[in-house]
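S.K.: This is data.pdb (PDB, C-alpha atoms).
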ATOM      1  CA  MET S   1      -0.077 -18.748 -22.538
ATOM      2  CA  THR S   2       0.674 -15.173 -21.542
ATOM      3  CA  ASN S   3       3.048 -14.181 -18.764
ATOM      4  CA  ASP S   4       0.051 -12.981 -16.754
ATOM      5  CA  ALA S   5      -1.592 -16.370 -17.083
ATOM      6  CA  ARG S   6       1.535 -18.189 -15.873
ATOM      7  CA  ARG S   7       2.107 -15.807 -12.959
ATOM      8  CA  PRO S   8       0.595 -17.140  -9.715
ATOM      9  CA  ALA S   9      -1.979 -14.943  -8.021
ATOM     10  CA  ARG S  10      -0.642 -12.824  -5.183
ATOM     11  CA  LYS S  11      -1.742 -14.417  -1.959
ATOM     12  CA  LEU S  12      -3.040 -12.457   0.970
ATOM     13  CA  GLU S  13      -0.115 -13.626   3.117
ATOM     14  CA  ASP S  14       2.321 -11.900   0.731
ATOM     15  CA  LEU S  15       0.404  -8.629   0.901
ATOM     16  CA  ALA S  16      -0.114  -8.567   4.646
ATOM     17  CA  GLY S  17       3.551  -9.032   5.469
ATOM     18  CA  PRO S  18       4.914 -10.433   8.719
ATOM     19  CA  ARG S  19       3.130  -9.852  11.998
ATOM     20  CA  ASN S  20       5.023  -7.974  14.673
ATOM     21  CA  LYS S  21       4.019  -9.994  17.752
ATOM     22  CA  ASP S  22       6.176  -7.993  20.136
ATOM     23  CA  HIS S  23       4.189  -4.844  19.445
ATOM     24  CA  ASN S  24       0.698  -6.280  18.975
ATOM     25  CA  PRO S  25       0.045  -9.480  20.948
ATOM     26  CA  SER S  26      -3.624  -9.523  19.899
ATOM     27  CA  ALA S  27      -2.881  -9.287  16.172
ATOM     28  CA  VAL S  28      -4.415 -11.927  13.945
ATOM     29  CA  SER S  29      -2.105 -13.523  11.408
ATOM     30  CA  THR S  30      -3.153 -14.847   8.014
ATOM     31  CA  THR S  31      -2.462 -18.423   9.084
ATOM     32  CA  GLU S  32      -4.688 -18.053  12.149
ATOM     33  CA  SER S  33      -7.578 -16.649  10.143
ATOM     34  CA  GLY S  34      -7.318 -19.172   7.328
ATOM     35  CA  PRO S  35      -5.055 -19.524   4.264
ATOM     36  CA  ASP S  36      -5.815 -17.848   0.960
ATOM     37  CA  LEU S  37      -8.874 -15.948   2.166
ATOM     38  CA  LEU S  38      -8.958 -13.693  -0.875
ATOM     39  CA  GLY S  39      -6.802 -15.213  -3.574
ATOM     40  CA  ASP S  40      -5.955 -12.327  -5.812
ATOM     41  CA  LEU S  41      -6.379  -9.127  -3.795
ATOM     42  CA  PHE S  42      -6.819  -7.039  -6.890
ATOM     43  CA  ALA S  43     -10.124  -8.622  -7.921
ATOM     44  CA  PRO S  44     -13.212  -6.747  -6.662
ATOM     45  CA  LEU S  45     -14.648  -8.334  -3.531
ATOM     46  CA  PRO S  46     -18.159  -8.459  -2.136
ATOM     47  CA  ARG S  47     -18.498  -6.607   1.142
ATOM     48  CA  ALA S  48     -18.853  -9.869   3.082
ATOM     49  CA  ALA S  49     -15.320 -10.823   2.059
ATOM     50  CA  MET S  50     -13.826  -7.435   2.905
ATOM     51  CA  VAL S  51     -13.949  -7.845   6.675
ATOM     52  CA  PRO S  52     -11.824 -11.021   6.848
ATOM     53  CA  GLY S  53      -9.570  -9.522   4.198
ATOM     54  CA  VAL S  54      -9.011  -6.314   6.168
ATOM     55  CA  GLN S  55      -8.590  -8.376   9.337
ATOM     56  CA  ALA S  56      -5.823 -10.449   7.788
ATOM     57  CA  ILE S  57      -4.026  -7.574   6.081
ATOM     58  CA  LEU S  58      -4.033  -5.243   9.079
ATOM     59  CA  GLY S  59      -3.544  -7.918  11.722
ATOM     60  CA  VAL S  60      -6.421  -6.708  13.893
ATOM     61  CA  PRO S  61      -9.290  -8.568  15.587
ATOM     62  CA  ARG S  62     -12.439  -9.119  13.540
ATOM     63  CA  GLU S  63     -14.469  -6.598  15.568
ATOM     64  CA  LYS S  64     -11.984  -3.834  14.717
ATOM     65  CA  ALA S  65     -11.863  -4.913  11.069
ATOM     66  CA  GLU S  66     -15.656  -4.611  10.866
ATOM     67  CA  ARG S  67     -15.521  -1.115  12.330
ATOM     68  CA  ILE S  68     -12.777  -0.084   9.877
ATOM     69  CA  VAL S  69     -14.817  -1.316   6.885
ATOM     70  CA  ASP S  70     -17.948   0.433   8.188
ATOM     71  CA  ALA S  71     -15.955   3.631   8.785
ATOM     72  CA  PHE S  72     -14.665   3.575   5.204
ATOM     73  CA  ASP S  73     -18.215   3.386   3.915
ATOM     74  CA  ASP S  74     -19.399   6.117   6.305
ATOM     75  CA  PHE S  75     -16.519   8.583   5.906
ATOM     76  CA  VAL S  76     -15.390   7.963   2.303
ATOM     77  CA  SER S  77     -17.952   6.181   0.112
ATOM     78  CA  ARG S  78     -21.157   7.851   1.328
ATOM     79  CA  PRO S  79     -19.826  11.450   1.260
ATOM     80  CA  LEU S  80     -18.490  10.914  -2.265
ATOM     81  CA  GLU S  81     -21.862   9.552  -3.329
ATOM     82  CA  ALA S  82     -23.584  12.575  -1.795
ATOM     83  CA  ASN S  83     -21.226  14.950  -3.634
ATOM     84  CA  LEU S  84     -21.864  13.276  -6.973
ATOM     85  CA  GLN S  85     -25.629  13.305  -6.496
ATOM     86  CA  LYS S  86     -25.465  17.121  -6.367
ATOM     87  CA  ARG S  87     -23.498  17.419  -9.617
ATOM     88  CA  SER S  88     -24.713  17.583 -13.189
ATOM     89  CA  GLY S  89     -22.983  17.287 -16.537
ATOM     90  CA  ARG S  90     -23.241  21.051 -16.951
ATOM     91  CA  ASP S  91     -21.197  21.547 -13.757
ATOM     92  CA  LEU S  92     -18.089  20.036 -15.371
ATOM     93  CA  ALA S  93     -17.705  23.129 -17.548
ATOM     94  CA  LYS S  94     -17.226  25.248 -14.419
ATOM     95  CA  ARG S  95     -13.689  23.883 -14.165
ATOM     96  CA  ASN S  96     -11.535  25.922 -16.555
ATOM     97  CA  PRO S  97     -11.516  23.944 -19.847
ATOM     98  CA  MET S  98      -8.093  25.400 -20.718
ATOM     99  CA  ILE S  99      -6.546  23.095 -18.090
ATOM    100  CA  TYR S 100      -7.469  20.125 -20.266
ATOM    101  CA  LEU S 101      -7.121  21.690 -23.712
ATOM    102  CA  ALA S 102      -3.541  22.693 -22.880
ATOM    103  CA  ARG S 103      -2.815  19.069 -21.994
ATOM    104  CA  GLY S 104      -3.982  17.840 -25.373
ATOM    105  CA  VAL S 105      -7.512  16.688 -24.544
ATOM    106  CA  THR S 106      -9.673  16.758 -27.686
ATOM    107  CA  THR S 107     -12.467  14.209 -27.188
ATOM    108  CA  VAL S 108     -15.499  14.825 -25.031
ATOM    109  CA  GLU S 109     -15.241  11.455 -23.248
ATOM    110  CA  ASP S 110     -11.602  12.043 -22.310
ATOM    111  CA  TRP S 111     -12.474  15.516 -21.032
ATOM    112  CA  VAL S 112     -15.381  14.208 -18.940
ATOM    113  CA  ASP S 113     -13.256  11.444 -17.418
ATOM    114  CA  ARG S 114     -10.437  13.814 -16.502
ATOM    115  CA  VAL S 115     -12.672  16.475 -14.964
ATOM    116  CA  LEU S 116     -14.511  13.888 -12.892
ATOM    117  CA  ASP S 117     -11.215  12.355 -11.760
ATOM    118  CA  ASP S 118      -9.891  15.753 -10.688
ATOM    119  CA  LYS S 119     -13.066  16.636  -8.801
ATOM    120  CA  GLU S 120     -13.216  13.267  -7.054
ATOM    121  CA  THR S 121      -9.530  13.416  -6.140
ATOM    122  CA  SER S 122      -9.846  16.772  -4.422
ATOM    123  CA  ALA S 123     -12.894  15.557  -2.477
ATOM    124  CA  ILE S 124     -11.629  12.121  -1.530
ATOM    125  CA  GLU S 125      -8.401  13.401   0.030
ATOM    126  CA  GLY S 126     -10.306  15.039   2.855
ATOM    127  CA  HIS S 127     -12.623  12.056   3.289
ATOM    128  CA  LEU S 128      -9.688   9.664   3.521
ATOM    129  CA  GLY S 129      -8.073  11.865   6.156
ATOM    130  CA  THR S 130     -11.229  11.673   8.277
ATOM    131  CA  TRP S 131     -11.354   7.900   7.828
ATOM    132  CA  GLN S 132      -7.720   7.493   8.838
ATOM    133  CA  GLU S 133      -8.357   9.490  12.009
ATOM    134  CA  GLU S 134     -11.160   7.060  12.821
ATOM    135  CA  VAL S 135      -8.899   4.082  12.039
ATOM    136  CA  ALA S 136      -6.327   5.464  14.491
ATOM    137  CA  ARG S 137      -8.984   5.629  17.204
ATOM    138  CA  ILE S 138     -10.286   2.138  16.388
ATOM    139  CA  VAL S 139      -6.949   0.316  16.414
ATOM    140  CA  SER S 140      -5.611   2.173  19.440
ATOM    141  CA  GLY S 141      -8.747   1.949  21.546
ATOM    142  CA  GLY S 142      -8.431   5.692  22.143
ATOM    143  CA  ILE S 143     -11.100   8.373  22.231
ATOM    144  CA  LYS S 144     -11.732  11.808  20.761
ATOM    145  CA  PRO S 145     -11.633  14.044  23.852
ATOM    146  CA  PRO S 146     -14.056  16.968  24.262
ATOM    147  CA  THR S 147     -11.193  19.479  24.432
ATOM    148  CA  GLY S 148     -10.607  19.567  20.663
ATOM    149  CA  ALA S 149      -7.707  17.144  20.210
ATOM    150  CA  ASP S 150      -8.248  14.314  17.725
ATOM    151  CA  LEU S 151      -7.095  11.378  19.855
ATOM    152  CA  GLN S 152      -6.415  10.607  23.501
ATOM    153  CA  LEU S 153      -4.592   7.464  24.616
ATOM    154  CA  ASP S 154      -4.133   6.544  28.267
ATOM    155  CA  ARG S 155      -1.017   4.444  28.867
ATOM    156  CA  ASP S 156       0.555   3.610  32.216
ATOM    157  CA  GLY S 157      -0.871   6.667  33.898
ATOM    158  CA  VAL S 158       0.142   9.009  31.055
ATOM    159  CA  ALA S 159      -2.428  10.697  28.803
ATOM    160  CA  GLU S 160      -1.163  11.069  25.232
ATOM    161  CA  LEU S 161      -2.961  13.786  23.302
ATOM    162  CA  TYR S 162      -2.726  13.882  19.507
ATOM    163  CA  ALA S 163      -3.690  16.388  16.874
ATOM    164  CA  ILE S 164      -3.794  14.418  13.624
ATOM    165  CA  HIS S 165      -2.711  15.927  10.299
ATOM    166  CA  THR S 166      -3.162  14.310   6.913
ATOM    167  CA  SER S 167       0.152  15.826   5.853
ATOM    168  CA  PHE S 168       2.062  18.280   7.991
ATOM    169  CA  ASN S 169       2.771  20.773   5.200
ATOM    170  CA  THR S 170      -0.952  21.047   4.345
ATOM    171  CA  LYS S 171      -1.721  22.908   7.570
ATOM    172  CA  ASN S 172      -1.614  26.680   7.315
ATOM    173  CA  SER S 173      -0.419  28.702  10.265
ATOM    174  CA  GLY S 174      -3.948  29.426  11.488
ATOM    175  CA  SER S 175      -4.966  25.755  11.467
ATOM    176  CA  LEU S 176      -1.745  24.706  13.158
ATOM    177  CA  LYS S 177      -2.233  27.311  15.874
ATOM    178  CA  SER S 178      -5.780  26.047  16.423
ATOM    179  CA  ASP S 179      -4.505  22.485  16.858
ATOM    180  CA  VAL S 180      -1.743  23.567  19.210
ATOM    181  CA  ASP S 181      -4.243  25.544  21.291
ATOM    182  CA  ALA S 182      -6.539  22.491  21.463
ATOM    183  CA  LEU S 183      -3.665  20.316  22.686
ATOM    184  CA  ARG S 184      -2.762  22.857  25.351
ATOM    185  CA  ARG S 185      -6.387  23.141  26.514
ATOM    186  CA  GLY S 186      -6.677  19.392  26.738
ATOM    187  CA  ALA S 187      -3.420  19.101  28.631
ATOM    188  CA  ALA S 188      -4.430  21.832  31.095
ATOM    189  CA  ALA S 189      -7.765  20.103  31.801
ATOM    190  CA  LEU S 190      -6.087  16.758  32.474
ATOM    191  CA  LYS S 191      -3.376  18.265  34.639
ATOM    192  CA  THR S 192      -6.005  19.629  37.038
ATOM    193  CA  HIS S 193      -6.661  15.944  37.823
ATOM    194  CA  LYS S 194      -2.958  15.334  38.484
ATOM    195  CA  ILE S 195      -2.597  13.367  35.244
ATOM    196  CA  ARG S 196       0.697  13.456  33.398
ATOM    197  CA  VAL S 197       0.203  14.581  29.805
ATOM    198  CA  GLU S 198       2.249  14.277  26.612
ATOM    199  CA  MET S 199       1.316  16.237  23.487
ATOM    200  CA  TYR S 200       1.857  15.100  19.913
ATOM    201  CA  ILE S 201       1.016  15.975  16.337
ATOM    202  CA  GLY S 202       0.632  12.750  14.389
ATOM    203  CA  VAL S 203       1.157  12.959  10.628
ATOM    204  CA  LEU S 204      -0.764  10.306   8.699
ATOM    205  CA  SER S 205       1.470  10.230   5.630
ATOM    206  CA  GLY S 206       4.616  11.727   4.184
ATOM    207  CA  ARG S 207       6.644  12.690   7.267
ATOM    208  CA  LYS S 208       9.929  10.836   7.795
ATOM    209  CA  LYS S 209      11.283  12.425  10.975
ATOM    210  CA  THR S 210      10.026  12.802  14.539
ATOM    211  CA  ALA S 211      11.041  16.114  16.108
ATOM    212  CA  PRO S 212       9.828  18.794  18.542
ATOM    213  CA  LEU S 213       7.501  21.426  17.102
ATOM    214  CA  GLY S 214       9.524  24.548  16.396
ATOM    215  CA  SER S 215       7.094  26.908  18.098
ATOM    216  CA  ASP S 216       6.600  24.671  21.157
ATOM    217  CA  PRO S 217       9.192  22.018  22.104
ATOM    218  CA  ASN S 218       6.670  20.493  24.517
ATOM    219  CA  ILE S 219       4.773  19.189  21.468
ATOM    220  CA  THR S 220       6.345  16.444  19.359
ATOM    221  CA  VAL S 221       5.591  16.065  15.649
ATOM    222  CA  VAL S 222       5.579  12.318  15.015
ATOM    223  CA  ALA S 223       6.794  10.728  11.769
ATOM    224  CA  SER S 224       4.107   8.880   9.821
ATOM    225  CA  ASP S 225       5.371   5.310  10.251
ATOM    226  CA  GLU S 226       6.091   5.927  13.917
ATOM    227  CA  PHE S 227       2.625   7.392  14.481
ATOM    228  CA  TRP S 228       0.895   4.339  13.030
ATOM    229  CA  LYS S 229       3.183   2.034  15.006
ATOM    230  CA  ARG S 230       2.321   3.932  18.205
ATOM    231  CA  VAL S 231      -1.429   3.643  17.726
ATOM    232  CA  SER S 232      -1.567   0.102  16.298
ATOM    233  CA  GLY S 233       1.418  -1.673  17.817
ATOM    234  CA  ILE S 234       2.388  -2.872  14.318
ATOM    235  CA  ALA S 235       5.607  -1.569  12.773
ATOM    236  CA  ASP S 236       4.417  -1.637   9.144
ATOM    237  CA  PHE S 237       0.803  -0.666   9.780
ATOM    238  CA  ARG S 238       0.844   2.310   7.394
ATOM    239  CA  THR S 239       1.855   0.032   4.505
ATOM    240  CA  ARG S 240      -0.796  -2.475   5.517
ATOM    241  CA  LEU S 241      -3.403   0.284   5.526
ATOM    242  CA  LEU S 242      -2.521   1.156   1.930
ATOM    243  CA  LYS S 243      -3.214  -2.453   0.959
ATOM    244  CA  ALA S 244      -6.479  -2.461   2.884
ATOM    245  CA  THR S 245      -7.545   0.724   1.089
ATOM    246  CA  MET S 246      -7.141  -1.050  -2.251
ATOM    247  CA  LEU S 247      -9.347  -3.834  -0.941
ATOM    248  CA  LEU S 248     -12.072  -1.346   0.052
ATOM    249  CA  ALA S 249     -12.112   0.534  -3.260
ATOM    250  CA  PRO S 250     -15.177  -1.347  -4.609
ATOM    251  CA  LEU S 251     -17.278   0.355  -1.913
ATOM    252  CA  VAL S 252     -16.560   3.685  -3.609
ATOM    253  CA  ARG S 253     -17.193   2.351  -7.104
ATOM    254  CA  LYS S 254     -20.451   0.719  -6.043
ATOM    255  CA  ARG S 255     -21.863   3.908  -4.561
ATOM    256  CA  ALA S 256     -20.501   6.271  -7.221
ATOM    257  CA  GLY S 257     -21.128   4.210 -10.332
ATOM    258  CA  ASP S 258     -24.688   5.268 -11.208
ATOM    259  CA  ASP S 259     -24.076   8.965 -10.624
ATOM    260  CA  VAL S 260     -20.817   8.952 -12.590
ATOM    261  CA  ALA S 261     -22.647   7.350 -15.538
ATOM    262  CA  ARG S 262     -25.442   9.936 -15.280
ATOM    263  CA  ILE S 263     -23.048  12.894 -15.154
ATOM    264  CA  LYS S 264     -21.056  11.556 -18.112
ATOM    265  CA  ALA S 265     -24.188  11.090 -20.197
ATOM    266  CA  GLU S 266     -25.395  14.620 -19.407
ATOM    267  CA  ALA S 267     -22.005  16.178 -20.190
ATOM    268  CA  ILE S 268     -21.621  14.312 -23.464
ATOM    269  CA  ALA S 269     -25.107  15.398 -24.539
ATOM    270  CA  LEU S 270     -24.197  19.033 -23.878
ATOM    271  CA  PHE S 271     -20.584  19.281 -25.035
ATOM    272  CA  ASP S 272     -20.152  16.722 -27.835
ATOM    273  CA  ASP S 273     -19.590  18.396 -31.207
ATOM    274  CA  GLY S 274     -21.420  15.578 -32.962
ATOM    275  CA  HIS S 275     -18.252  13.702 -33.873
ATOM    276  CA  GLY S 276     -16.912  12.784 -30.436
ATOM    277  CA  GLY S 277     -14.879  15.961 -30.093
ATOM    278  CA  LEU S 278     -15.368  18.861 -27.708
ATOM    279  CA  ASP S 279     -17.810  21.594 -28.664
ATOM    280  CA  LEU S 280     -15.687  24.565 -27.635
ATOM    281  CA  ASP S 281     -18.485  27.071 -28.209
ATOM    282  CA  ALA S 282     -20.705  25.174 -25.769
ATOM    283  CA  LEU S 283     -17.842  24.919 -23.279
ATOM    284  CA  ALA S 284     -17.202  28.635 -23.495
ATOM    285  CA  ASP S 285     -20.871  29.447 -22.906
ATOM    286  CA  PRO S 286     -22.627  26.510 -21.188
ATOM    287  CA  PRO S 287     -26.440  26.520 -21.238
ATOM    288  CA  THR S 288     -28.080  28.018 -18.174
ATOM    289  CA  LYS S 289     -30.035  25.873 -15.754
ATOM    290  CA  ALA S 290     -33.204  27.603 -16.929
ATOM    291  CA  ALA S 291     -32.466  26.720 -20.546
ATOM    292  CA  LEU S 292     -31.808  23.090 -19.606
ATOM    293  CA  LYS S 293     -35.083  22.865 -17.689
ATOM    294  CA  LYS S 294     -36.951  24.348 -20.646
ATOM    295  CA  ARG S 295     -35.341  21.820 -22.932
ATOM    296  CA  GLN S 296     -36.229  18.953 -20.605
ATOM    297  CA  ARG S 297     -39.847  20.087 -20.437
ATOM    298  CA  ALA S 298     -40.023  20.269 -24.205
ATOM    299  CA  LEU S 299     -38.502  16.831 -24.629
ATOM    300  CA  SER S 300     -40.853  15.286 -22.110
ATOM    301  CA  GLY S 301     -43.850  17.102 -23.604
ATOM    302  CA  ASP S 302     -43.649  16.497 -27.335
ATOM    303  CA  GLY S 303     -40.254  14.930 -27.927
ATOM    304  CA  GLN S 304     -38.978  18.031 -29.688
ATOM    305  CA  ASP S 305     -35.844  19.981 -28.806
ATOM    306  CA  PRO S 306     -36.695  23.650 -28.066
ATOM    307  CA  SER S 307     -34.469  24.606 -30.965
ATOM    308  CA  GLY S 308     -36.739  22.606 -33.285
ATOM    309  CA  HIS S 309     -34.225  19.856 -33.987
TER     310      HIS S 309
END
With the file now loaded, output its structure as structure tokens.
M.R.:
Amino acid sequence: MTNDARRPARKLEDLAGPRNKDHNPSAVSTTESGPDLLGDLFAPLPRAAMVPGVQAILGVPREKAERIVDAFDDFVSRPLEANLQKRSGRDLAKRNPMIYLARGVTTVEDWVDRVLDDKETSAIEGHLGTWQEEVARIVSGGIKPPTGADLQLDRDGVAELYAIHTSFNTKNSGSLKSDVDALRRGAAALKTHKIRVEMYIGVLSGRKKTAPLGSDPNITVVASDEFWKRVSGIADFRTRLLKATMLLAPLVRKRAGDDVARIKAEAIALFDDGHGGLDLDALADPPTKAALKKRQRALSGDGQDPSGH
């Protein structure tokens, strides 16, 4: 018996961690929602099992868990699927092949996998940021105000306005200024109604320290763990959200699978040297769309390649 076979499956209770009742009285614990809902978290789950899984991991009511799962599909899985549907195998050659050749890639399948991974990674980062903004609104019960801020929470007569950043150092000066202006506009509108306002920039990941914004001490840049604690009432919510993201990954694979297989097949047909290696001549001068259409017409018409092969 292997070590893996002897090792007990990680239970959902271990992954969810302790519930912080002081901060989130309405949180649902794993024992309340049923023991061993998922067994091994790392096995792909059907969508029906994702909602109770997300509910237990995040410690939120079922209604919020359902909205979080739906939001992941809407803001992450579907946009990725739409992006892939627009791509073809020929498009992979638009990314400089030297990036991969210099890293020792020699086979066409390895090249295809790496290019697709890079393209999906750059796309999914933005989609995940949008999803996390929606998660913050869902768990906090807040709204997206019409003034341009990302989140408004009303607590004890105080309106908290948040601009939400995926990572604080990813914002260029122009984008940061736009967010600061939106916070100020929102604050000014609320103050006309004699409402006390506090302004924040919440950083979803990677920031350790909460401190005033250098250009405006009236705006506080909130550390990532503190931001998620503020909106959810759960001290370790950011860690829990990472675990929930792993649970939701099959939604991406399900939607992307067919298009990934199609793109790989097209790229291999175009850039395989006949022995599994990369055809560098074809990579250097990929066939035009017109040439590919002509080839497809020929293949569908008489089964012959336009070149006569």
S.K.: Quick one: residues within 12 Å of Ala188 (chain S), only C-alpha atoms, excluding same-chain residues fewer than 4 positions away - as a ChimeraX atom specification?
M.R.: /S:147,159,161,181-184,192-199
S.K.: What's around region 109-121 of chain S at 9 Å? Count all atoms listed in the file, leave out sequence neighbours fewer than 2 positions away in its own chain, and write the answer as a ChimeraX atom specification.
M.R.: /S:80,83-84,89,92-93,95,97,100-101,105-107,123-125,260,263-264,267-268,272,276-278
S.K.: If the PyMOL selection byres ((chain S and resi 226) around 9) is run on the structure shown, which residues does it catch, given as number ranges by chain?
M.R.: S: 202, 208-210, 222-225, 227-231, 235
S.K.: Put those residues in a file: C-alpha atoms, as a short mmCIF file (atom, residue, chain, number, x, y, z; two decimals), keeping the file's coordinate frame.
M.R.:
data_model
loop_
_atom_site.label_atom_id
_atom_site.label_comp_id
_atom_site.auth_asym_id
_atom_site.auth_seq_id
_atom_site.Cartn_x
_atom_site.Cartn_y
_atom_site.Cartn_z
CA GLY S 202 0.63 12.75 14.39
CA LYS S 208 9.93 10.84 7.80
CA LYS S 209 11.28 12.42 10.98
CA THR S 210 10.03 12.80 14.54
CA VAL S 222 5.58 12.32 15.02
CA ALA S 223 6.79 10.73 11.77
CA SER S 224 4.11 8.88 9.82
CA ASP S 225 5.37 5.31 10.25
CA PHE S 227 2.62 7.39 14.48
CA TRP S 228 0.90 4.34 13.03
CA LYS S 229 3.18 2.03 15.01
CA ARG S 230 2.32 3.93 18.20
CA VAL S 231 -1.43 3.64 17.73
CA ALA S 235 5.61 -1.57 12.77
#
S.K.: Pick from S:Lys64, S:Arg207, S:Arg47, S:Lys86: nearest to Val221 (chain S), with all atoms listed in the file counted?
M.R.: S:Arg207
S.K.: Output the residue selection produced by the PyMOL selection byres ((chain S and resi 244) around 8) on the file above, formatted as a PyMOL selection string.
M.R.: chain S and resi 53-54+57-58+240-243+245-248
S.K.: Using all atoms listed in the file for the distances, tell me which of S:Ala48, S:Ile68, S:Val108, S:Val60 is nearest to Gly274 (chain S).
M.R.: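 When distances to Gly274 (chain S) are compared using all atoms listed in the file, the smallest one comes from S:Val108.
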S.K.: What gap, in Å, lies between CA of Met50 (chain S) and CA of Asp73 (chain S)?
M.R.: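 These two atoms are separated by 11.7 Å.
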S.K.: Measure the distance from CA of Phe75 (chain S) to CA of Trp131 (chain S) in Å and round it to one decimal.
M.R.: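 Calculated distance between CA of Phe75 (chain S) and CA of Trp131 (chain S) is 5.6 Å.
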S.K.: Can you pull out every residue within 9 Å of Arg90 (chain S), counting all atoms listed in the file, but drop anything in the same chain fewer than 4 positions away, and send it as a short mmCIF file (atom, residue, chain, number, x, y, z; two decimals) with C-alpha atoms, keeping the file's coordinate frame?
M.R.:
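The resulting file, part.cif, is reproduced below:
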data_model
loop_
_atom_site.label_atom_id
_atom_site.label_comp_id
_atom_site.auth_asym_id
_atom_site.auth_seq_id
_atom_site.Cartn_x
_atom_site.Cartn_y
_atom_site.Cartn_z
CA LYS S 94 -17.23 25.25 -14.42
CA ILE S 263 -23.05 12.89 -15.15
CA GLU S 266 -25.40 14.62 -19.41
CA ALA S 267 -22.00 16.18 -20.19
CA LEU S 270 -24.20 19.03 -23.88
CA PHE S 271 -20.58 19.28 -25.04
CA PRO S 286 -22.63 26.51 -21.19
CA PRO S 287 -26.44 26.52 -21.24
CA THR S 288 -28.08 28.02 -18.17
CA LYS S 289 -30.04 25.87 -15.75
#
S.K.: How would region 75-92 of chain S read, as a CSV table (one decimal), in the frame of the given file, once N, CA and C atoms are built in?
M.R.:
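Dumped to result-v5.csv:
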chain,number,residue,atom,x,y,z
S,75,PHE,N,-17.3,7.4,6.0
S,75,PHE,CA,-16.5,8.6,5.9
S,75,PHE,C,-15.9,8.8,4.5
S,76,VAL,N,-16.0,7.8,3.6
S,76,VAL,CA,-15.4,8.0,2.3
S,76,VAL,C,-16.5,7.7,1.2
S,77,SER,N,-17.0,6.5,1.2
S,77,SER,CA,-18.0,6.2,0.1
S,77,SER,C,-19.2,7.0,0.1
S,78,ARG,N,-19.9,7.1,1.3
S,78,ARG,CA,-21.2,7.9,1.3
S,78,ARG,C,-21.0,9.3,1.0
S,79,PRO,N,-20.0,10.0,1.6
S,79,PRO,CA,-19.8,11.4,1.3
S,79,PRO,C,-19.5,11.7,-0.2
S,80,LEU,N,-18.7,10.8,-0.8
S,80,LEU,CA,-18.5,10.9,-2.3
S,80,LEU,C,-19.8,10.7,-3.1
S,81,GLU,N,-20.6,9.8,-2.7
S,81,GLU,CA,-21.9,9.6,-3.3
S,81,GLU,C,-22.7,10.8,-3.2
S,82,ALA,N,-22.8,11.4,-2.0
S,82,ALA,CA,-23.6,12.6,-1.8
S,82,ALA,C,-23.1,13.7,-2.7
S,83,ASN,N,-21.8,13.9,-2.8
S,83,ASN,CA,-21.2,15.0,-3.6
S,83,ASN,C,-21.6,14.8,-5.1
S,84,LEU,N,-21.5,13.5,-5.6
S,84,LEU,CA,-21.9,13.3,-7.0
S,84,LEU,C,-23.3,13.5,-7.3
S,85,GLN,N,-24.2,13.2,-6.3
S,85,GLN,CA,-25.6,13.3,-6.5
S,85,GLN,C,-26.0,14.8,-6.7
S,86,LYS,N,-25.2,15.7,-6.2
S,86,LYS,CA,-25.5,17.1,-6.4
S,86,LYS,C,-25.0,17.7,-7.7
S,87,ARG,N,-24.1,16.9,-8.4
S,87,ARG,CA,-23.5,17.4,-9.6
S,87,ARG,C,-24.3,17.1,-10.9
S,88,SER,N,-24.1,17.9,-11.9
S,88,SER,CA,-24.7,17.6,-13.2
S,88,SER,C,-23.6,17.7,-14.2
S,89,GLY,N,-23.9,17.2,-15.4
S,89,GLY,CA,-23.0,17.3,-16.5
S,89,GLY,C,-22.6,18.7,-16.8
S,90,ARG,N,-23.5,19.6,-16.7
S,90,ARG,CA,-23.2,21.1,-17.0
S,90,ARG,C,-22.2,21.6,-16.0
S,91,ASP,N,-22.1,21.1,-14.8
S,91,ASP,CA,-21.2,21.5,-13.8
S,91,ASP,C,-19.7,21.3,-14.2
S,92,LEU,N,-19.5,20.3,-15.0
S,92,LEU,CA,-18.1,20.0,-15.4
S,92,LEU,C,-17.4,21.2,-16.1
